[in-house]
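Peer 1: What follows is entry_26.txt; its format and atoms are compact mmCIF, C-alpha atoms and all ligand atoms.
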# COMPACT_ATOMS: atom_id res chain seq x y z
CA MET O 196 41.26 140.28 81.74
CA LYS O 197 44.74 140.74 80.34
CA GLN O 198 45.75 143.13 77.55
CA ILE O 199 48.10 141.50 75.06
CA THR O 200 48.56 144.29 72.47
CA ASP O 201 46.80 147.60 71.71
CA HIS O 202 43.92 145.68 70.15
CA VAL O 203 44.02 142.20 71.70
CA PHE O 204 42.78 141.08 75.11
CA ILE O 205 42.29 137.71 76.79
CA PHE O 206 39.78 136.57 79.36
CA THR O 207 40.81 133.39 81.15
CA SER O 208 38.23 130.97 82.55
CA VAL O 209 38.75 129.20 85.86
CA VAL O 210 38.13 125.92 84.02
CA GLN O 211 41.12 124.60 82.06
CA GLN O 212 42.48 128.16 81.94
CA LEU O 213 40.49 128.52 78.71
CA ASN O 214 41.33 131.79 76.98
CA SER O 215 38.64 133.78 75.22
CA VAL O 216 40.36 136.29 72.95
CA VAL O 217 38.81 139.70 72.29
CA ILE O 218 40.02 141.84 69.38
CA ILE O 219 38.92 145.45 69.07
CA ASP O 220 39.80 146.75 65.64
CA ASP O 221 38.58 149.95 63.88
CA ASP O 222 36.32 147.87 61.64
CA TYR O 223 35.88 144.62 63.57
CA LEU O 224 34.87 143.48 67.01
CA VAL O 225 35.86 139.88 67.57
CA ILE O 226 35.42 137.25 70.25
CA VAL O 227 37.25 133.93 69.95
CA ASP O 228 36.05 130.77 71.76
CA PRO O 229 33.82 132.57 74.26
CA GLY O 230 33.51 130.63 77.45
CA PHE O 231 32.94 129.08 79.83
CA PHE O 232 30.74 129.80 82.87
CA PRO O 233 27.80 132.20 82.57
CA GLY O 234 29.38 134.77 84.94
CA GLU O 235 32.61 134.77 82.94
CA ILE O 236 30.70 135.17 79.69
CA ALA O 237 28.72 138.08 81.19
CA SER O 238 32.04 139.86 81.94
CA ILE O 239 33.13 139.45 78.32
CA ARG O 240 29.78 140.76 77.06
CA ASN O 241 30.02 143.79 79.36
CA PHE O 242 33.53 144.48 78.10
CA LEU O 243 32.46 144.27 74.44
CA GLN O 244 29.27 146.30 74.75
CA PRO O 245 30.76 149.84 74.53
CA TYR O 246 32.53 148.87 71.28
CA GLU O 247 29.44 147.42 69.62
CA ASN O 248 28.52 150.05 67.05
CA SER O 249 27.47 150.04 63.41
CA SER O 250 30.98 150.78 62.12
CA ARG O 251 32.35 147.48 63.44
CA SER O 252 31.49 144.06 62.04
CA ARG O 253 31.00 141.58 64.86
CA LEU O 254 32.64 138.18 64.49
CA LEU O 255 32.69 135.11 66.71
CA ILE O 256 35.60 132.90 65.72
CA LEU O 257 35.72 129.25 66.82
CA THR O 258 39.11 127.55 66.73
CA HIS O 259 37.52 124.08 66.79
CA SER O 260 34.45 122.12 67.89
CA HIS O 261 35.40 120.95 71.41
CA PHE O 262 32.80 121.59 74.11
CA ASP O 263 34.77 124.11 76.16
CA HIS O 264 35.27 126.25 73.04
CA ILE O 265 31.65 126.36 71.89
CA ALA O 266 29.93 126.76 75.29
CA GLY O 267 29.51 130.54 74.99
CA VAL O 268 28.36 130.73 71.36
CA PRO O 269 24.61 131.27 72.00
CA TYR O 270 25.36 134.23 74.31
CA PHE O 271 26.52 136.32 71.33
CA PRO O 272 23.56 136.32 68.94
CA GLY O 273 24.64 139.49 67.09
CA TYR O 274 28.01 138.04 66.12
CA ALA O 275 28.63 136.24 62.81
CA VAL O 276 30.14 132.80 63.50
CA VAL O 277 33.44 132.03 61.73
CA THR O 278 34.73 128.44 61.60
CA SER O 279 36.96 126.30 59.44
CA SER O 280 35.32 125.06 56.24
CA MET O 281 36.21 121.63 57.68
CA TRP O 282 33.92 122.21 60.70
CA ASP O 283 33.05 118.77 62.05
CA LYS O 284 29.30 118.60 62.74
CA SER O 285 29.47 115.15 64.32
CA ASN O 286 32.22 116.30 66.68
CA GLU O 287 30.05 119.33 67.47
CA GLN O 288 27.17 116.98 68.35
CA ARG O 289 29.46 115.03 70.69
CA ALA O 290 30.61 118.32 72.22
CA ILE O 291 27.03 119.45 72.82
CA ARG O 292 26.26 116.16 74.59
CA GLN O 293 29.39 116.59 76.72
CA LEU O 294 28.35 120.14 77.56
CA GLU O 295 24.86 119.01 78.52
CA LYS O 296 26.40 116.31 80.71
CA PHE O 297 28.72 118.84 82.34
CA ASP O 298 25.95 121.38 82.95
CA THR O 299 23.52 118.84 84.36
CA GLU O 300 26.16 117.14 86.52
CA PHE O 301 27.45 120.40 88.02
CA TYR O 302 24.14 122.31 87.91
CA VAL O 303 25.42 125.04 85.60
CA ASP O 304 22.38 127.14 84.88
CA ARG O 305 22.19 128.27 81.25
CA PRO O 306 19.13 129.86 79.72
CA TRP O 307 18.52 127.36 76.88
CA GLU O 308 15.09 125.94 76.35
CA GLN O 309 14.72 122.63 78.22
CA GLY O 310 18.50 122.58 78.66
CA LYS O 311 19.04 122.00 74.93
CA PHE O 312 22.10 123.76 73.60
CA PRO O 313 21.52 125.42 70.20
CA VAL O 314 23.64 124.15 67.30
CA VAL O 315 26.44 126.29 65.84
CA ASN O 316 25.40 128.23 62.73
CA THR O 317 28.49 129.12 60.73
CA LEU O 318 28.22 132.22 58.54
CA TYR O 319 31.82 132.30 57.30
CA ALA O 320 33.35 128.86 56.61
CA MET O 321 36.98 129.71 56.03
CA GLN O 322 39.18 127.86 53.56
CA HIS O 323 42.87 127.27 54.24
CA GLN O 324 44.81 130.53 53.73
CA GLU O 325 41.63 132.57 53.29
CA THR O 326 41.36 136.10 54.68
CA LEU O 327 38.43 137.97 56.19
CA GLY O 328 39.23 141.64 56.79
CA PRO O 329 42.55 141.78 58.68
CA PHE O 330 42.31 138.11 59.70
CA HIS O 331 44.27 135.40 57.86
CA PHE O 332 43.03 131.87 58.49
CA PHE O 333 44.83 128.53 58.30
CA HIS O 334 43.58 124.98 58.62
CA THR O 335 45.58 123.35 61.38
CA PRO O 336 44.21 119.80 61.83
CA GLY O 337 45.64 117.14 64.15
CA HIS O 338 44.14 118.17 67.49
CA THR O 339 40.77 117.86 65.75
CA ASP O 340 40.05 117.63 62.03
CA ASP O 341 38.40 121.06 62.11
CA SER O 342 41.07 122.98 64.04
CA MET O 343 41.80 126.43 62.64
CA SER O 344 44.36 129.11 63.48
CA PHE O 345 44.54 132.73 62.40
CA ILE O 346 46.88 135.68 62.30
CA TYR O 347 45.91 139.22 63.27
CA LYS O 348 48.79 141.69 62.90
CA ASN O 349 51.70 140.07 64.83
CA VAL O 350 49.52 137.77 66.88
CA LEU O 351 48.98 134.11 66.02
CA CYS O 352 45.99 132.45 67.63
CA VAL O 353 46.31 128.65 67.49
CA GLY O 354 43.46 127.08 69.46
CA ASP O 355 44.61 124.05 71.44
CA TYR O 356 48.18 123.86 70.13
CA LEU O 357 51.34 124.75 72.03
CA SER O 358 49.81 125.34 75.44
CA SER O 359 52.34 125.58 78.27
CA LEU O 360 49.92 123.56 80.41
CA GLU O 361 49.72 120.35 78.41
CA PHE O 362 51.51 118.01 76.02
CA PRO O 363 50.00 117.75 72.52
CA PHE O 364 46.43 116.42 72.56
CA ILE O 365 46.28 114.45 69.33
CA ASN O 366 42.60 113.65 68.97
CA ALA O 367 42.53 113.33 65.18
CA SER O 368 45.84 112.47 63.47
CA VAL O 369 49.54 112.36 64.29
CA SER O 370 50.67 113.10 60.74
CA ASP O 371 48.30 116.09 60.52
CA TYR O 372 49.52 117.23 63.92
CA ASN O 373 53.14 117.16 62.74
CA LYS O 374 52.22 119.10 59.58
CA THR O 375 50.45 121.70 61.71
CA LEU O 376 53.51 122.12 63.94
CA GLN O 377 55.54 122.60 60.75
CA LEU O 378 53.08 125.20 59.42
CA ILE O 379 53.08 127.11 62.72
CA THR O 380 56.90 127.11 62.69
CA GLU O 381 56.87 128.56 59.16
CA LEU O 382 54.27 131.18 60.10
CA VAL O 383 56.31 132.26 63.11
CA HIS O 384 59.42 132.65 60.95
CA ASP O 385 57.79 134.21 57.90
CA SER O 386 55.04 136.41 59.32
CA SER O 387 56.83 138.42 62.04
CA ILE O 388 54.78 136.77 64.75
CA THR O 389 55.65 138.19 68.16
CA THR O 390 52.90 136.63 70.26
CA LEU O 391 51.28 133.22 70.20
CA LEU O 392 47.94 132.77 71.91
CA SER O 393 47.15 129.21 72.87
CA GLN O 394 43.56 128.72 74.02
CA HIS O 395 44.70 127.27 77.35
CA GLY O 396 47.20 128.98 79.64
CA PRO O 397 49.58 131.92 79.20
CA PRO O 398 50.61 133.43 75.84
CA ALA O 399 54.12 132.96 74.43
CA CYS O 400 56.58 135.44 72.89
CA THR O 401 58.83 134.53 69.95
CA ASN O 402 61.54 132.56 71.79
CA GLU O 403 59.08 130.72 73.94
CA ILE O 404 57.00 129.79 70.89
CA LEU O 405 59.98 127.96 69.45
CA THR O 406 60.69 126.27 72.80
CA ARG O 407 57.08 125.08 72.96
CA ILE O 408 57.28 123.74 69.40
CA ASP O 409 60.45 121.82 70.36
CA SER O 410 58.71 120.36 73.43
CA ALA O 411 55.73 119.25 71.34
CA HIS O 412 58.03 117.57 68.79
CA ALA O 413 60.03 115.88 71.56
CA TYR O 414 56.85 114.44 73.09
CA ILE O 415 55.58 113.13 69.76
CA ASP O 416 59.01 111.69 68.90
CA GLU O 417 59.14 109.86 72.24
CA LEU O 418 55.71 108.33 71.68
CA PHE O 419 56.72 107.33 68.16
CA HIS O 420 59.93 105.75 69.40
CA LEU O 421 57.97 103.78 71.99
CA VAL O 422 55.51 102.45 69.43
CA GLU O 423 58.23 101.64 66.90
CA THR O 424 60.33 99.76 69.48
CA ALA O 425 57.28 97.86 70.70
CA GLN O 426 56.47 96.77 67.17
CA HIS O 427 60.02 95.55 66.56
CA GLN O 428 60.06 93.65 69.86
CA ASP O 429 56.51 92.40 69.39
CA ASP O 430 55.58 93.85 72.80
CA ILE O 431 52.00 93.60 73.91
CA TRP O 432 49.82 96.67 74.42
CA SER O 433 49.94 96.59 78.26
CA ASP O 434 53.77 96.78 78.14
CA VAL O 435 53.69 99.76 75.80
CA LEU O 436 51.11 101.48 77.96
CA ALA O 437 53.18 100.91 81.13
CA GLU O 438 56.22 102.39 79.37
CA ALA O 439 54.20 105.36 78.16
CA ASN O 440 52.96 106.03 81.68
CA SER O 441 56.53 106.32 82.90
CA LEU O 442 57.33 109.05 80.36
CA SER O 443 57.73 112.60 81.57
CA TYR O 444 56.85 115.86 79.85
CA GLN O 445 59.01 118.93 80.38
CA GLY O 446 60.78 117.14 83.24
CA ARG O 447 57.62 116.23 85.14
CA PRO O 448 55.59 113.01 85.28
CA ILE O 449 52.36 112.93 83.28
CA PRO O 450 49.76 114.43 85.68
CA LEU O 451 47.02 112.08 86.88
CA GLY O 452 44.29 114.18 85.25
CA LEU O 453 46.00 114.01 81.82
CA LYS O 454 46.74 110.26 81.78
CA SER O 455 43.68 109.45 79.70
CA ALA O 456 44.68 112.07 77.09
CA HIS O 457 48.19 110.59 77.08
CA GLU O 458 46.80 107.08 76.57
CA ARG O 459 44.54 108.34 73.77
CA ASN O 460 47.61 109.84 72.07
CA LEU O 461 49.39 106.50 72.33
CA LYS O 462 46.43 104.68 70.79
CA THR O 463 46.26 107.17 67.93
CA MET O 464 50.01 106.83 67.36
CA TRP O 465 49.81 103.02 67.54
CA ALA O 466 46.93 102.85 65.07
CA GLU O 467 48.57 105.23 62.58
CA TYR O 468 51.95 103.49 62.81
CA HIS O 469 50.45 100.05 62.19
CA HIS O 470 48.26 101.39 59.43
CA SER O 471 51.36 102.84 57.74
CA LEU O 472 52.94 99.36 57.82
CA ASN O 473 49.72 97.76 56.60
CA LEU O 474 49.53 95.83 59.88
CA SER O 475 46.32 95.35 61.73
CA SER O 476 46.04 97.58 64.74
CA ILE O 477 44.66 95.94 67.88
CA PRO O 478 45.80 98.07 70.81
CA GLU O 479 43.94 95.96 73.39
CA ARG O 480 45.56 92.62 72.53
ZN ZN O 501 40.36 121.11 72.09
What would the structure in this file look like if it were written as structure tokens?

Peer 2:
Amino acid sequence: MKQITDHVFIFTSVVQQLNSVVIIDDDYLVIVDPGFFPGEIASIRNFLQPYENSSRSRLLILTHSHFDHIAGVPYFPGYAVVTSSMWDKSNEQRAIRQLEKFDTEFYVDRPWEQGKFPVVNTLYAMQHQETLGPFHFFHTPGHTDDSMSFIYKNVLCVGDYLSSLEFPFINASVSDYNKTLQLITELVHDSSITTLLSQHGPPACTNEILTRIDSAHAYIDELFHLVETAQHQDDIWSDVLAEANSLSYQGRPIPLGLKSAHERNLKTMWAEYHHSLNLSSIPER
């Protein structure tokens, strides 16, 4: 466990360095993306327990519907679930299947009946810019359609954006992703943000936030340039892919374990670029 401010703490999982954020406020007790392994979740529950009293509302905030972020939800039955109003039920279903696959492949023992993971029951579906107590929520799509960020005092919690561990994972839309980076930049400038919590890896202070935003833009620009050049030269998909695989991120080659995410980004970029030109998009040609 690491203390970030007087009220904010993070617990980091051994898997994907997933951060579960705990906020202990006078009126609220909050857990964000509680995960991942049962022992880790038990530590979070033990930490929260002394603060669970009738004067604090208990909230469980989900930044988006990926499987690593929802794995711990059923362990916190007394907490009201808060998601984006754009919560993507079909993505949640895919995530639950992925989680069941993970748990059965690696024999992770969770106490659900017949191994079936309960569905997420949202109590507060937050609109863009809506507040709940001291928490100010923003829709930040691009990574997924249902990604959500929020501000608490000077801390901005952004889900899977701006991690120091990975390049942007653009699972939904490049143009949304760019708009989200723009929104985060504005929030950092306008809302006296001093700390950014990404859900994977270490937090960032003000200067580093801006450096991470620059890195994310640079990566997206490079992919865009690649796709644009390929279209002009009428390159085939395998050429573009080979070029993409030779790109580096922050001075290092794309790690083996992230190549599929990188390729997915390229496909998303390719499809959106060709769609914007009203051209048919056939990445596999
Ligand atoms: Zn994610």

Peer 1: Using only C-alpha atoms and all ligand atoms, find each residue in chain O having at least one atom no more than 12 Å away from ligand ZN 501 (chain O); report its shortest atom-to-atom pair and that distance in Å (one decimal), rows by chain then rising number, as JSON lines.

Peer 2:
{"residue": "O:Gln211", "atom": "CA", "partner": "O:ZN501", "partner_atom": "ZN", "distance": 10.6}
{"residue": "O:Leu213", "atom": "CA", "partner": "O:ZN501", "partner_atom": "ZN", "distance": 9.9}
{"residue": "O:Asn214", "atom": "CA", "partner": "O:ZN501", "partner_atom": "ZN", "distance": 11.8}
{"residue": "O:Asp228", "atom": "CA", "partner": "O:ZN501", "partner_atom": "ZN", "distance": 10.6}
{"residue": "O:Leu257", "atom": "CA", "partner": "O:ZN501", "partner_atom": "ZN", "distance": 10.7}
{"residue": "O:Thr258", "atom": "CA", "partner": "O:ZN501", "partner_atom": "ZN", "distance": 8.5}
{"residue": "O:His259", "atom": "CA", "partner": "O:ZN501", "partner_atom": "ZN", "distance": 6.7}
{"residue": "O:Ser260", "atom": "CA", "partner": "O:ZN501", "partner_atom": "ZN", "distance": 7.3}
{"residue": "O:His261", "atom": "CA", "partner": "O:ZN501", "partner_atom": "ZN", "distance": 5.0}
{"residue": "O:Phe262", "atom": "CA", "partner": "O:ZN501", "partner_atom": "ZN", "distance": 7.8}
{"residue": "O:Asp263", "atom": "CA", "partner": "O:ZN501", "partner_atom": "ZN", "distance": 7.5}
{"residue": "O:His264", "atom": "CA", "partner": "O:ZN501", "partner_atom": "ZN", "distance": 7.3}
{"residue": "O:Ile265", "atom": "CA", "partner": "O:ZN501", "partner_atom": "ZN", "distance": 10.2}
{"residue": "O:Asn286", "atom": "CA", "partner": "O:ZN501", "partner_atom": "ZN", "distance": 10.9}
{"residue": "O:Glu287", "atom": "CA", "partner": "O:ZN501", "partner_atom": "ZN", "distance": 11.4}
{"residue": "O:Ala290", "atom": "CA", "partner": "O:ZN501", "partner_atom": "ZN", "distance": 10.1}
{"residue": "O:Pro336", "atom": "CA", "partner": "O:ZN501", "partner_atom": "ZN", "distance": 11.0}
{"residue": "O:Gly337", "atom": "CA", "partner": "O:ZN501", "partner_atom": "ZN", "distance": 10.3}
{"residue": "O:His338", "atom": "CA", "partner": "O:ZN501", "partner_atom": "ZN", "distance": 6.6}
{"residue": "O:Thr339", "atom": "CA", "partner": "O:ZN501", "partner_atom": "ZN", "distance": 7.1}
{"residue": "O:Asp340", "atom": "CA", "partner": "O:ZN501", "partner_atom": "ZN", "distance": 10.6}
{"residue": "O:Asp341", "atom": "CA", "partner": "O:ZN501", "partner_atom": "ZN", "distance": 10.2}
{"residue": "O:Ser342", "atom": "CA", "partner": "O:ZN501", "partner_atom": "ZN", "distance": 8.3}
{"residue": "O:Met343", "atom": "CA", "partner": "O:ZN501", "partner_atom": "ZN", "distance": 10.9}
{"residue": "O:Val353", "atom": "CA", "partner": "O:ZN501", "partner_atom": "ZN", "distance": 10.6}
{"residue": "O:Gly354", "atom": "CA", "partner": "O:ZN501", "partner_atom": "ZN", "distance": 7.2}
{"residue": "O:Asp355", "atom": "CA", "partner": "O:ZN501", "partner_atom": "ZN", "distance": 5.2}
{"residue": "O:Tyr356", "atom": "CA", "partner": "O:ZN501", "partner_atom": "ZN", "distance": 8.5}
{"residue": "O:Leu357", "atom": "CA", "partner": "O:ZN501", "partner_atom": "ZN", "distance": 11.6}
{"residue": "O:Ser358", "atom": "CA", "partner": "O:ZN501", "partner_atom": "ZN", "distance": 10.9}
{"residue": "O:Glu361", "atom": "CA", "partner": "O:ZN501", "partner_atom": "ZN", "distance": 11.3}
{"residue": "O:Pro363", "atom": "CA", "partner": "O:ZN501", "partner_atom": "ZN", "distance": 10.2}
{"residue": "O:Phe364", "atom": "CA", "partner": "O:ZN501", "partner_atom": "ZN", "distance": 7.7}
{"residue": "O:Ile365", "atom": "CA", "partner": "O:ZN501", "partner_atom": "ZN", "distance": 9.3}
{"residue": "O:Asn366", "atom": "CA", "partner": "O:ZN501", "partner_atom": "ZN", "distance": 8.4}
{"residue": "O:Ala367", "atom": "CA", "partner": "O:ZN501", "partner_atom": "ZN", "distance": 10.6}
{"residue": "O:Ser393", "atom": "CA", "partner": "O:ZN501", "partner_atom": "ZN", "distance": 10.6}
{"residue": "O:Gln394", "atom": "CA", "partner": "O:ZN501", "partner_atom": "ZN", "distance": 8.5}
{"residue": "O:His395", "atom": "CA", "partner": "O:ZN501", "partner_atom": "ZN", "distance": 9.2}
{"residue": "O:Ala456", "atom": "CA", "partner": "O:ZN501", "partner_atom": "ZN", "distance": 11.2}

Peer 1: When you look at O:Phe330 with a cut-off of 12 Å (counting only C-alpha atoms), what residues show up, excluding the ones that are within fewer than 4 positions of it in the same chain? I need them as a PyMOL selection string.

Peer 2: chain O and resi 218+220+222-225+254+256+277+321+324-326+344-352

Peer 1: To one decimal in Å, tell me the separation between atom CA of O:Gln322 and atom CA of O:Ser386.

Peer 2: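 Distance between the two atoms: 18.9 Å.
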
Peer 1: One decimal, Å: what's the distance from atom CA of O:Ala411 over to atom CA of O:Phe332, could you say?

Peer 2: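 Pair atom CA of O:Ala411 / atom CA of O:Phe332 returns 22.0 Å.
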
Peer 1: Give the answer as one residue: which of O:Tyr270, O:Tyr372, O:Phe333, O:Phe204 has the shortest atom-to-atom distance to O:Glu235, using only C-alpha atoms?

Peer 2: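 Result for the nearest residue to O:Glu235: O:Tyr270.
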
Peer 1: Hey, can you pull every residue with an atom no more than 9 Å from (63.0, 109.2, 78.0), using only C-alpha atoms, and send it as a VMD selection string?

Peer 2: chain O and resid 417 441 to 443

Peer 1: Pick the closest to O:Gly446 from O:Thr299, O:Pro272, O:Ser410, O:Gln309: which is it, counting only C-alpha atoms?

Peer 2: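 Counting only C-alpha atoms, the residue closest to O:Gly446 is O:Ser410.
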
Peer 1: Counting all atoms listed in the file, which residues sit no farther than 8 Å from the position (30.1, 133.8, 59.1) in the file's frame? I'd like them as a ChimeraX atom specification.

Peer 2: /O:254,275-278,317-320

Peer 1: Of the candidates O:Tyr444, O:Phe206, O:Phe419, O:Trp465, which shows the shortest atom-to-atom distance to O:Ile431, using only C-alpha atoms?

Peer 2: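 Comparing O:Tyr444, O:Phe206, O:Phe419, O:Trp465 against O:Ile431, the winner is O:Trp465.
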
Peer 1: For O:Leu243, which residue among O:Lys197, O:Glu438, O:Ile388, O:Ile219 is the nearest when counting all atoms listed in the file?

Peer 2: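 Looking at the shortest contact to O:Leu243, the residue is O:Ile219.
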
Peer 1: Residues near stretch 238-241 of chain O, anyone? I mean within 9 Å using all atoms listed in the file, not counting same-chain ones fewer than 4 positions away, as a PyMOL selection string.

Peer 2: chain O and resi 196+206+215+217+226+229-230+233-234+245+270-271

Peer 1: Using only C-alpha atoms, find the one residue out of O:Ser285, O:Gln426, O:Ser249, O:Asn440 that sits nearest to O:His469.

Peer 2: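 Ranking O:Ser285, O:Gln426, O:Ser249, O:Asn440 by distance to O:His469, first place goes to O:Gln426.
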
Peer 1: Please indicate the distance in Å from atom CA of O:Ser387 to atom CA of O:Ser250, rounded to one decimal place.

Peer 2: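 Separating atom CA of O:Ser387 from atom CA of O:Ser250 is a distance of 28.7 Å.
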
Peer 1: Between O:Thr380, O:Met464, O:Gly273, O:Arg459, which one has atoms that come closest to O:His420, using all atoms listed in the file?

Peer 2: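 Smallest separation from O:His420 among the options: O:Met464.
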